[in-house]
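Visitor: Got a file for you: query.txt, compact mmCIF, C-alpha atoms.
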# COMPACT_ATOMS: atom_id res chain seq x y z
CA MET W 23 21.62 2.03 12.57
CA ILE W 24 20.34 -1.39 11.45
CA LYS W 25 16.86 -0.01 10.90
CA GLY W 26 18.29 2.80 8.78
CA ARG W 27 20.24 0.32 6.67
CA LYS W 28 17.16 -1.84 6.16
CA CYS W 29 15.13 1.19 5.10
CA GLN W 30 17.89 2.29 2.73
CA CYS W 31 18.12 -1.23 1.27
CA SER W 32 14.35 -1.39 0.81
CA THR W 33 14.35 1.97 -1.01
CA SER W 34 17.20 0.83 -3.29
CA ASN W 35 15.32 -2.38 -4.13
CA ALA W 36 12.21 -0.34 -4.93
CA TYR W 37 14.16 1.90 -7.32
CA LEU W 38 15.68 -1.14 -9.01
CA GLY W 39 12.18 -2.53 -9.44
CA TYR W 40 10.98 0.75 -11.00
CA ILE W 41 13.94 0.75 -13.40
CA PHE W 42 13.24 -2.82 -14.47
CA VAL W 43 9.53 -2.16 -15.05
CA ALA W 44 10.31 1.10 -16.90
CA VAL W 45 12.74 -0.77 -19.20
CA VAL W 46 10.13 -3.45 -19.94
CA ILE W 47 7.46 -0.82 -20.67
CA SER W 48 9.79 1.09 -22.99
CA LEU W 49 10.80 -2.08 -24.86
CA VAL W 50 7.18 -3.15 -25.32
CA CYS W 51 6.14 0.34 -26.42
CA ASN W 52 8.84 0.57 -29.05
CA PHE W 53 9.30 -2.98 -30.28
CA SER W 54 5.95 -4.68 -29.86
CA TYR W 55 4.62 -5.59 -33.28
CA LEU W 56 1.30 -6.40 -31.60
CA LEU W 57 0.78 -2.80 -30.45
CA LEU W 58 1.62 -1.44 -33.87
CA LEU W 59 -0.63 -4.01 -35.53
CA VAL W 60 -3.50 -2.98 -33.26
CA ALA W 61 -2.84 0.64 -34.17
CA ASN W 62 -2.90 -0.22 -37.85
CA GLN W 63 -6.13 -2.21 -37.52
CA SER W 64 -7.70 0.60 -35.51
CA GLU W 65 -6.79 3.15 -38.16
CA MET W 66 -8.22 0.83 -40.82
CA GLY W 67 -11.33 0.46 -38.68
CA GLN W 68 -11.63 4.22 -38.40
CA ARG W 69 -11.46 4.51 -42.16
CA HIS W 70 -14.14 1.85 -42.58
CA ASN W 71 -16.32 3.53 -39.97
CA SER W 72 -15.83 6.84 -41.70
CA ARG W 73 -16.84 5.18 -44.97
CA ALA W 74 -19.99 3.83 -43.31
CA ARG W 75 -20.83 7.23 -41.82
CA ASP W 76 -20.52 9.29 -45.00
CA ASN W 77 -22.08 6.47 -47.09
CA ARG W 78 -20.05 7.55 -50.14
CA VAL W 79 -19.21 5.38 -53.09
CA ILE W 80 -15.76 3.80 -52.93
CA VAL W 81 -14.00 3.51 -56.28
CA GLU W 82 -10.77 1.87 -57.36
CA ILE W 83 -8.34 4.10 -59.24
CA THR W 84 -5.11 3.20 -61.00
CA GLY W 85 -2.56 5.78 -62.02
CA LYS W 86 0.91 7.29 -61.54
CA LEU W 87 1.87 9.31 -58.49
CA SER W 88 2.96 12.90 -58.86
CA ILE W 89 4.44 14.57 -55.77
CA SER W 90 4.27 18.36 -55.64
CA GLY W 91 7.01 20.61 -54.30
CA ASP W 92 5.25 21.01 -50.96
CA GLY W 93 4.96 17.22 -50.47
CA PHE W 94 1.34 16.56 -51.43
CA GLY W 95 0.62 13.66 -53.76
CA TYR W 96 -1.74 13.28 -56.72
CA ILE W 97 -2.52 10.03 -58.53
CA VAL W 98 -3.15 10.94 -62.17
CA THR W 99 -5.12 8.45 -64.25
CA ASP W 100 -5.02 7.95 -68.04
CA LYS W 101 -8.35 9.74 -68.24
CA GLY W 102 -6.93 12.80 -66.53
CA ASP W 103 -8.65 12.25 -63.16
CA SER W 104 -6.60 12.84 -60.00
CA VAL W 105 -6.71 11.40 -56.49
CA TYR W 106 -5.43 13.52 -53.63
CA ILE W 107 -2.98 12.09 -51.01
CA ASP W 108 -2.15 13.95 -47.83
CA ARG W 109 1.50 14.93 -47.37
CA GLN W 110 1.75 13.00 -44.10
CA LYS W 111 0.56 9.82 -45.81
CA VAL W 112 3.06 10.30 -48.62
CA HIS W 113 5.89 10.30 -46.06
CA TRP W 114 4.43 7.62 -43.82
CA LEU W 115 3.67 5.19 -46.65
CA GLY W 116 7.04 5.79 -48.30
CA LEU W 117 5.59 6.74 -51.68
CA MET W 118 7.90 7.89 -54.48
CA GLN W 119 7.50 9.99 -57.63
CA ASP W 120 6.00 8.04 -60.57
CA ASP W 121 4.92 5.09 -58.41
CA LYS W 122 2.16 3.14 -60.13
CA LEU W 123 -0.65 2.81 -57.61
CA ARG W 124 -4.01 1.10 -57.46
CA VAL W 125 -5.98 2.61 -54.61
CA GLU W 126 -9.38 2.87 -53.02
CA ALA W 127 -10.71 6.41 -53.13
CA SER W 128 -13.91 8.24 -52.30
CA GLN W 129 -15.21 11.64 -53.17
CA GLN W 130 -15.13 14.01 -50.23
CA LYS W 131 -15.52 17.71 -49.69
CA TYR W 132 -12.17 19.48 -49.47
CA ILE W 133 -11.82 23.29 -49.47
CA GLU W 134 -15.42 23.83 -50.59
CA ALA W 135 -15.10 21.42 -53.50
CA GLU W 136 -15.53 17.69 -54.09
CA HIS W 137 -12.26 15.77 -54.60
CA LEU W 138 -11.27 12.15 -54.81
CA ILE W 139 -9.34 11.31 -51.62
CA MET W 140 -7.22 8.19 -51.29
CA ARG W 141 -8.37 5.85 -48.54
CA ARG W 142 -5.88 3.00 -48.84
CA ILE W 143 -3.40 1.50 -51.28
CA LEU W 144 -4.23 -1.83 -52.87
CA GLU W 145 -1.19 -2.28 -55.13
CA ARG W 146 2.08 -0.47 -55.65
CA ASN W 147 4.00 -1.05 -58.88
CA ASP W 148 1.84 -4.10 -59.62
CA GLU W 149 2.55 -5.70 -56.22
CA LYS W 150 0.11 -6.01 -53.34
CA TYR W 151 0.81 -3.32 -50.78
CA ASP W 152 1.75 -4.68 -47.33
CA TYR W 153 0.91 -2.21 -44.55
CA GLY W 154 2.53 -4.50 -41.98
CA ALA W 155 5.91 -3.93 -43.62
CA LEU W 156 5.80 -0.35 -42.36
CA TYR W 157 6.13 -1.68 -38.81
CA ARG W 158 8.58 -4.44 -39.56
CA GLY W 159 11.11 -2.19 -41.25
CA SER W 160 14.35 -1.46 -39.39
CA GLU W 161 14.96 2.01 -38.02
CA GLN W 162 18.19 3.86 -37.54
CA TRP W 163 19.79 3.29 -34.15
CA HIS W 164 19.46 6.92 -33.00
CA VAL W 165 15.71 6.82 -33.71
CA VAL W 166 15.36 3.65 -31.64
CA LEU W 167 17.47 5.07 -28.80
CA TYR W 168 15.54 8.35 -28.79
CA GLN W 169 12.21 6.58 -28.38
CA PHE W 170 13.56 4.08 -25.84
CA VAL W 171 15.01 6.80 -23.58
CA PHE W 172 11.87 8.95 -23.82
CA TYR W 173 9.46 6.18 -22.79
CA PHE W 174 11.86 4.84 -20.15
CA ILE W 175 12.12 8.22 -18.42
CA LEU W 176 8.38 8.81 -18.64
CA ALA W 177 7.55 5.35 -17.24
CA PHE W 178 10.08 5.76 -14.40
CA VAL W 179 8.66 9.17 -13.42
CA LEU W 180 5.10 7.79 -13.43
CA LEU W 181 6.18 4.86 -11.23
CA LEU W 182 7.79 7.26 -8.75
CA ILE W 183 4.61 9.32 -8.57
CA MET W 184 2.35 6.29 -8.14
CA ASN W 185 4.51 4.90 -5.34
CA SER W 186 5.55 8.09 -3.55
CA LYS W 187 5.41 8.15 0.25
CA GLY W 188 5.42 4.41 0.67
CA ARG W 189 2.99 1.65 -0.21
CA ASP W 190 0.27 2.44 2.33
CA ALA W 191 -1.77 4.81 0.17
CA THR W 192 -5.53 4.96 0.67
CA TRP W 193 -7.95 4.56 -2.23
CA GLN W 194 -8.35 8.33 -2.40
CA GLN W 195 -4.58 8.82 -2.62
CA PHE W 196 -4.32 6.06 -5.23
CA VAL W 197 -7.01 7.70 -7.40
CA LEU W 198 -5.37 11.12 -7.00
CA ARG W 199 -1.95 9.79 -8.03
CA SER W 200 -3.51 8.00 -11.00
CA ALA W 201 -5.16 11.28 -12.08
CA VAL W 202 -1.81 13.08 -11.81
CA CYS W 203 -0.18 10.40 -13.98
CA VAL W 204 -2.93 10.75 -16.58
CA LEU W 205 -2.39 14.52 -16.70
CA ILE W 206 1.37 14.08 -17.08
CA ALA W 207 0.89 11.50 -19.83
CA PHE W 208 -1.51 13.85 -21.62
CA GLY W 209 0.94 16.75 -21.31
CA THR W 210 3.90 14.74 -22.58
CA TYR W 211 1.86 13.40 -25.50
CA PHE W 212 2.57 16.58 -27.44
CA ILE W 213 6.34 16.13 -27.09
CA SER W 214 6.30 12.36 -27.68
CA PRO W 215 8.61 11.27 -30.54
CA VAL W 216 7.10 10.43 -33.90
CA PRO W 217 9.56 8.76 -36.31
CA LEU W 218 9.23 9.55 -40.01
CA MET W 219 9.74 6.08 -41.34
CA HIS W 220 11.58 6.85 -44.54
CA SER W 221 13.33 10.10 -43.78
CA GLY W 222 15.13 9.00 -40.61
CA GLU W 223 13.81 11.99 -38.69
CA VAL W 224 12.14 12.06 -35.29
CA ILE W 225 9.71 14.88 -34.62
CA PRO W 226 7.45 15.65 -31.63
CA VAL W 227 3.72 15.17 -32.00
CA TYR W 228 3.00 18.91 -31.96
CA LYS W 229 5.02 19.27 -35.18
CA SER W 230 3.18 16.43 -36.85
CA ARG W 231 0.45 17.26 -39.32
CA GLN W 232 -1.90 14.83 -37.58
CA ILE W 233 -3.49 15.99 -34.34
CA VAL W 234 -3.94 12.41 -33.15
CA GLU W 235 -1.02 10.04 -33.64
CA PHE W 236 -2.79 6.80 -32.91
CA VAL W 237 0.39 4.80 -32.31
CA VAL W 238 1.59 7.32 -29.73
CA VAL W 239 -1.82 7.34 -28.05
CA LEU W 240 -1.78 3.55 -27.87
CA LYS W 241 1.69 3.56 -26.33
CA GLY W 242 0.57 6.10 -23.72
CA ILE W 243 -2.53 4.10 -22.78
CA PHE W 244 -0.47 0.91 -22.51
CA MET W 245 2.11 2.65 -20.31
CA LEU W 246 -0.53 4.13 -17.97
CA ALA W 247 -2.31 0.79 -17.65
CA VAL W 248 0.89 -1.08 -16.77
CA VAL W 249 2.11 1.58 -14.31
CA ILE W 250 -1.22 1.81 -12.48
CA LEU W 251 -1.79 -1.94 -12.35
CA TYR W 252 1.80 -2.62 -11.27
CA SER W 253 1.55 -0.04 -8.49
CA ARG W 254 -1.78 -1.38 -7.25
CA ILE W 255 -0.67 -5.02 -7.30
CA TYR W 256 2.62 -4.19 -5.59
CA THR W 257 0.74 -2.18 -2.93
CA LEU W 258 -1.59 -5.10 -2.22
CA MET W 259 1.37 -7.48 -2.00
CA HIS W 260 3.16 -5.08 0.36
CA ARG W 261 0.10 -4.84 2.59
CA GLU W 262 -0.22 -8.62 2.66
CA GLN W 263 3.41 -8.86 3.74
CA GLN W 264 2.79 -6.24 6.43
CA ILE W 265 -0.23 -8.15 7.72
CA SER W 266 1.81 -11.36 7.83
CA LEU W 267 4.61 -9.55 9.65
CA GLU W 268 2.16 -8.03 12.14
CA ASN W 269 0.62 -11.43 12.74
CA GLU W 270 4.06 -12.85 13.45
CA MET W 271 4.78 -9.94 15.79
CA LEU W 272 1.44 -10.49 17.48
CA ARG W 273 2.18 -14.17 18.01
CA SER W 274 5.62 -13.33 19.33
CA GLU W 275 4.22 -10.61 21.58
CA ASN W 276 1.52 -12.93 22.84
CA LEU W 277 4.15 -15.53 23.71
CA THR W 278 6.16 -12.88 25.55
CA THR W 279 3.07 -11.60 27.34
CA LYS W 280 1.99 -15.10 28.29
CA TYR W 281 5.44 -15.75 29.66
CA ASN W 282 5.40 -12.51 31.66
CA MET W 283 1.92 -13.25 33.00
CA LEU W 284 2.95 -16.79 33.88
CA ALA W 285 6.02 -15.43 35.61
CA SER W 286 3.87 -13.01 37.60
CA GLN W 287 1.50 -15.83 38.53
CA ILE W 288 4.24 -17.99 39.98
CA ASN W 289 6.31 -15.07 41.27
CA PRO W 290 7.56 -16.41 44.62
CA HIS W 291 7.45 -12.95 46.20
CA PHE W 292 3.79 -12.41 45.24
CA LEU W 293 2.83 -15.90 46.41
CA PHE W 294 4.76 -15.49 49.68
CA ASN W 295 3.04 -12.19 50.44
CA SER W 296 -0.37 -13.67 49.66
CA LEU W 297 0.21 -16.62 51.95
CA SER W 298 1.59 -14.34 54.67
CA SER W 299 -1.56 -12.22 54.53
CA LEU W 300 -3.73 -15.32 54.73
CA SER W 301 -1.65 -16.59 57.64
CA MET W 302 -2.17 -13.28 59.46
CA LEU W 303 -5.96 -13.55 59.09
CA VAL W 304 -5.90 -17.12 60.37
CA ARG W 305 -3.84 -16.12 63.43
CA GLU W 306 -6.27 -13.32 64.14
CA LYS W 307 -9.09 -15.88 63.83
CA ASP W 308 -10.85 -13.55 61.39
CA GLU W 309 -12.74 -16.33 59.71
CA GLU W 310 -14.98 -14.13 57.55
CA ARG W 311 -12.16 -12.12 56.02
CA ALA W 312 -9.97 -15.21 55.71
CA LEU W 313 -12.64 -17.00 53.68
CA LYS W 314 -13.19 -13.93 51.51
CA TYR W 315 -9.43 -13.61 51.06
CA ILE W 316 -9.20 -17.24 49.92
CA ASP W 317 -12.06 -16.69 47.46
CA GLN W 318 -10.47 -13.55 46.02
CA LEU W 319 -7.03 -15.15 45.84
CA SER W 320 -8.52 -18.17 44.08
CA TYR W 321 -10.45 -15.97 41.63
CA THR W 322 -7.29 -13.92 40.90
CA PHE W 323 -5.21 -16.98 40.03
CA ARG W 324 -8.04 -18.55 38.05
CA TYR W 325 -8.54 -15.36 36.00
CA LEU W 326 -4.80 -15.10 35.32
CA SER W 327 -4.54 -18.71 34.20
CA GLN W 328 -7.67 -18.63 31.99
CA ASN W 329 -6.72 -15.43 30.21
CA SER W 330 -3.05 -16.22 29.66
CA ALA W 331 -3.93 -18.77 26.99
CA SER W 332 -5.50 -17.66 23.71
CA VAL W 333 -7.87 -14.89 24.85
CA SER W 334 -7.24 -11.60 23.02
CA PHE W 335 -10.08 -9.52 24.47
CA THR W 336 -12.30 -9.45 27.50
CA THR W 337 -15.09 -7.13 28.58
CA LEU W 338 -14.52 -4.30 31.01
CA ARG W 339 -17.07 -5.98 33.29
CA GLU W 340 -14.87 -9.09 33.62
CA GLU W 341 -11.68 -7.07 33.97
CA MET W 342 -13.22 -5.04 36.80
CA LYS W 343 -14.20 -8.23 38.67
CA PHE W 344 -10.55 -9.25 38.48
CA ALA W 345 -9.41 -5.77 39.59
CA GLU W 346 -11.67 -5.88 42.67
CA ALA W 347 -10.37 -9.32 43.64
CA TYR W 348 -6.74 -8.39 42.98
CA SER W 349 -7.01 -5.08 44.86
CA TYR W 350 -8.58 -6.84 47.86
CA LEU W 351 -5.37 -8.83 48.30
CA PHE W 352 -3.41 -5.58 48.66
CA LYS W 353 -5.97 -4.08 51.05
CA ILE W 354 -5.52 -7.04 53.37
CA ARG W 355 -1.73 -7.04 52.98
CA TYR W 356 -1.45 -3.35 53.89
CA SER W 357 -4.08 -3.47 56.65
CA GLU W 358 -6.49 -1.03 55.02
CA LYS W 359 -3.75 1.59 54.45
CA ILE W 360 -4.64 1.56 50.77
CA LYS W 361 -7.98 2.20 49.12
CA PHE W 362 -9.16 1.55 45.58
CA ASP W 363 -11.88 3.86 44.28
CA PHE W 364 -13.85 2.37 41.37
CA ASP W 365 -15.93 4.73 39.29
CA ILE W 366 -17.01 2.83 36.18
CA GLU W 367 -19.85 4.08 34.01
CA GLU W 368 -22.32 1.33 33.24
CA ARG W 369 -22.39 2.13 29.52
CA TYR W 370 -18.73 1.04 29.24
CA LEU W 371 -19.10 -2.34 30.96
CA ASN W 372 -19.48 -4.22 27.67
CA TYR W 373 -16.57 -2.42 26.00
CA LYS W 374 -13.53 -4.57 25.25
CA LEU W 375 -9.87 -4.44 26.20
CA PRO W 376 -6.95 -6.90 26.36
CA PRO W 377 -7.26 -9.09 29.48
CA ILE W 378 -5.07 -8.55 32.55
CA SER W 379 -4.48 -4.91 31.59
CA LEU W 380 -5.05 -3.68 35.15
CA GLN W 381 -2.76 -6.15 36.90
CA PRO W 382 0.55 -4.42 36.02
CA LEU W 383 -0.92 -0.95 36.68
CA ILE W 384 -2.22 -1.83 40.15
CA GLY W 385 1.02 -3.66 40.91
CA ASN W 386 3.13 -0.66 39.84
CA ALA W 387 1.05 1.76 41.94
CA VAL W 388 1.72 -0.32 45.05
CA LYS W 389 5.33 -1.10 44.18
CA HIS W 390 6.59 2.44 43.49
CA ASN W 391 4.86 4.48 46.21
CA THR W 392 5.16 4.79 49.97
CA ILE W 393 2.23 3.24 51.81
CA SER W 394 2.01 4.04 55.52
CA SER W 395 -0.54 4.41 58.30
CA LYS W 396 -0.01 8.17 58.45
CA ARG W 397 -1.94 8.83 55.27
CA LEU W 398 -4.32 6.65 53.27
CA PHE W 399 -2.98 5.82 49.78
CA ARG W 400 -5.66 5.96 47.08
CA VAL W 401 -5.78 4.41 43.64
CA HIS W 402 -8.57 5.74 41.45
CA ILE W 403 -9.88 3.53 38.61
CA TYR W 404 -12.52 5.18 36.44
CA THR W 405 -13.84 5.60 32.88
CA GLU W 406 -13.60 8.80 30.88
CA ASP W 407 -14.28 9.56 27.18
CA GLY W 408 -13.86 5.97 26.03
CA PHE W 409 -10.78 5.33 28.22
CA LEU W 410 -10.20 3.30 31.36
CA VAL W 411 -7.99 5.39 33.65
CA VAL W 412 -5.82 4.19 36.54
CA ALA W 413 -4.48 7.13 38.56
CA ASN W 414 -2.72 7.57 41.87
CA GLU W 415 -1.04 10.40 43.71
CA LYS W 416 2.75 10.18 43.72
CA ARG W 417 4.40 9.35 47.05
CA PRO W 418 8.08 8.75 46.29
CA MET W 419 9.80 6.09 48.36
CA LEU W 420 12.94 6.91 50.34
CA GLU W 421 14.69 4.15 48.46
CA PRO W 422 13.03 3.97 45.03
CA ASN W 423 12.22 0.48 43.86
CA PRO W 424 14.03 0.07 40.52
CA GLY W 425 11.72 -1.03 37.75
CA THR W 426 12.49 -2.59 34.39
CA GLY W 427 9.75 -0.71 32.54
CA LEU W 428 8.72 -3.96 30.84
CA GLY W 429 5.22 -3.92 32.33
CA LEU W 430 4.11 -0.70 30.63
CA SER W 431 6.11 -1.49 27.49
CA ASN W 432 4.47 -4.89 27.06
CA LEU W 433 1.05 -3.44 27.82
CA ASN W 434 1.53 -0.73 25.19
CA SER W 435 2.71 -3.32 22.64
CA ARG W 436 -0.41 -5.40 23.20
CA TYR W 437 -2.66 -2.38 22.63
CA GLN W 438 -0.77 -1.46 19.46
CA LEU W 439 -1.10 -4.94 18.01
CA LEU W 440 -4.65 -5.73 19.13
CA LEU W 441 -6.32 -2.30 18.89
CA ASN W 442 -3.84 -0.40 16.73
CA ARG W 443 -3.82 2.25 19.47
CA GLU W 444 -1.39 3.23 22.22
CA ILE W 445 -1.88 3.71 25.93
CA GLU W 446 -1.51 7.24 27.26
CA ILE W 447 0.76 7.97 30.24
CA ILE W 448 0.41 11.09 32.38
CA ASP W 449 3.36 11.63 34.70
CA ASN W 450 3.73 14.89 36.61
CA GLU W 451 4.87 15.98 40.08
CA LYS W 452 1.59 15.15 41.79
CA GLU W 453 0.01 12.32 39.84
CA PHE W 454 0.79 9.27 37.76
CA ALA W 455 -1.99 8.02 35.48
CA VAL W 456 -2.36 5.57 32.62
CA ARG W 457 -5.26 5.83 30.14
CA LEU W 458 -6.24 2.59 28.41
CA PRO W 459 -8.35 2.91 25.23
CA LEU W 460 -11.53 0.84 25.18
CA GLU W 461 -12.88 -0.92 22.10
CA LYS W 462 -16.57 -0.42 21.35
CA PRO W 463 -18.39 -3.79 21.15
CA ASN W 464 -19.78 -5.04 17.85
CA GLU W 465 -23.48 -4.37 17.65
Take the structure I supplied and represent it as C-alpha cells, if you would.
Guide:
Amino acid sequence: MIKGRKCQCSTSNAYLGYIFVAVVISLVCNFSYLLLLVANQSEMGQRHNSRARDNRVIVEITGKLSISGDGFGYIVTDKGDSVYIDRQKVHWLGLMQDDKLRVEASQQKYIEAEHLIMRRILERNDEKYDYGALYRGSEQWHVVLYQFVFYFILAFVLLLIMNSKGRDATWQQFVLRSAVCVLIAFGTYFISPVPLMHSGEVIPVYKSRQIVEFVVVLKGIFMLAVVILYSRIYTLMHREQQISLENEMLRSENLTTKYNMLASQINPHFLFNSLSSLSMLVREKDEERALKYIDQLSYTFRYLSQNSASVSFTTLREEMKFAEAYSYLFKIRYSEKIKFDFDIEERYLNYKLPPISLQPLIGNAVKHNTISSKRLFRVHIYTEDGFLVVANEKRPMLEPNPGTGLGLSNLNSRYQLLLNREIEIIDNEKEFAVRLPLEKPNE
C-alpha cells in the first residue's frame, strides 16, 4: 500500500511539473518580445537576402495608399506610378486608405509582367514607421487566451509523449519520441492560431495567405527545443538519483550481508560442531585427518573474515577453494555420509561472483535434508552455460528444520545489486538446485 501511494505521489508530482513547464512555454511563446523581434529580424533578413539574390534595383517611392475591394493595396505616386502591396501585408501592417507612405520597392515579375512590389515601409504619414510597434501593441483578451490555451495544451501533450513509460528510456526510445513530437508539431502547425493584429480575428495557419508564418514556426521550434531538452535533463537527473539510491541500497545490503556473515562466523552452533568434530579426530588419534581438518577449518574462517570486509567480487577459483575446505568440515562431521561432487570447467575459473556465495547453499543442503548411513547424500556443484549450479536430491526430514529464508533472499539481493541479475531456483519433488550467474572477467 505504501509503495502504491509513493508511486501515485510521484506520478502526481510529474504531472504538476509538466503543467508548470507547459505554462512557462506558452507564456514565452505568446509574450516574449525577444522571439517576435527575432522573427521580425529574420523576415527582414529574408527580404535583404532576396534582394541580394535577384540583384534588382531598390527604389524609394512616395505616394498615397489605395486599398481595393478585395484588400490589395496600391501606392499611387504623383507621376501615376503604382506600387503593389500584398493583402496580407495590408492587414498585418495596419495600413489604411489614403495613408501617405514612403516605401522601398523593387521591380519584380508578377503574373507575367513586371510590377513594383513594396519591400518595406520607411515612413507613414511623415513619421518613421516602427515595425517593433506591431509586436508591442495590446491584443484583445480572447486572442491572448486562445493562443495561451493552444500552446499550453500542445506543450503538455509533447511532454507526456517525451516522458511516457517512465524516465528510463534508452537513446533509441528518446530519439523515437523526439521524432514523434516533431511530427505532431508539424501537423499542428497548420491549425496554429495566427492573430490578425488590427482586425481582432484569430485564424489557423491553413487559412492564412502565407504558407510559412515565420512567427508560428519560431514558436514551434522553441517549444520543441524546450520540451526535448527538459525531458533529457530530467531523465539524466532521475537516473543520477536512481544510481545514488542504488548505491545507498548496496551499502545497506553490504552492511546487512556483513552482519549475517559475521553472525555465521561466530555462530556458537557451527563452532561447537566444528570443535566436536576435531575432538572426535583427536580421540581417534587420527593425526593426519586432524591436521587437515585444522587447516581446512582455519582456511574457512580466514576466507570468511577476509571477504566480509569490502570485497565485492572474487574469482570462481578462490570460491571453489573455500567450498572444498568448507565441505570437508561437513564430511568429517557426518563421517563420510555426505559427498560433494565438484565438476568445474576450467574456462570458468577466472569468472567472477560475489564472495561467500556457496556458504549458505552448502549449509542449507545439509540443514534441510536427512543424512544417514543408509544412503550416501550427494551435493553436486558444477558449471553450466555461464552459471555455477549447486544441486542436491531432496530427502525431507521427519521433523523439518524451519528456515527463515534470509540466506537465499540476501544472496539474491547481492546478485541484483552487484551484477544486476537474479539467482535462479529450481525446486521440484526430486531435486533442489540454485543457479548462480557468473560475471565474465574484463579482458
Visitor: Glu461 in chain W: which residues within 7 Å, counting only C-alpha atoms, same-chain residues fewer than 4 positions away excluded, as a PyMOL selection string?
Guide: chain W and resi 373-375
Visitor: Suppose you want the space between CA of Val237 in chain W and CA of Phe196 in chain W; what is it in Å?
Guide: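 Answer for the CA of Val237 in chain W to CA of Phe196 in chain W separation: 27.5 Å.
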Visitor: Taking into account all atoms listed in the file, which residue in the set W:Pro217, W:Val79, W:Phe244, W:Val125 is nearest to Ser48 in chain W?
Guide: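 With all atoms listed in the file as the atom set, the closest residue is W:Phe244.
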Visitor: May I ask for the distance between CA of Ala177 in chain W and CA of Ala44 in chain W, given in Å to one decimal place?
Guide: 5.1 Å
Visitor: Determine, counting all atoms listed in the file, which protein, DNA and RNA residues have an atom within 10 Å of an atom of Tyr228 in chain W; residues of the same chain fewer than 5 positions away are not included. Present the result as a list of chain:residue names.
Guide: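 Contacts, with the query itself left out: W:Tyr211, W:Phe212, W:Ile213, W:Ser214, W:Pro215, W:Val216, W:Ile233, W:Val234, W:Glu235.
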Visitor: Quick check, in Å to one decimal: how far apart do CA of Ser379 in chain W and CA of Ala312 in chain W lie?
Guide: 26.8 Å
Visitor: Neighbours of range 37-42 of chain W within 9 Å (all atoms listed in the file; same-chain residues fewer than 6 positions away dropped), as a short mmCIF file (atom, residue, chain, number, x, y, z; two decimals) with C-alpha atoms, in the coordinates of the input?
Guide:
data_model
loop_
_atom_site.label_atom_id
_atom_site.label_comp_id
_atom_site.auth_asym_id
_atom_site.auth_seq_id
_atom_site.Cartn_x
_atom_site.Cartn_y
_atom_site.Cartn_z
CA PHE W 174 11.86 4.84 -20.15
CA ALA W 177 7.55 5.35 -17.24
CA PHE W 178 10.08 5.76 -14.40
CA LEU W 181 6.18 4.86 -11.23
CA LEU W 182 7.79 7.26 -8.75
#
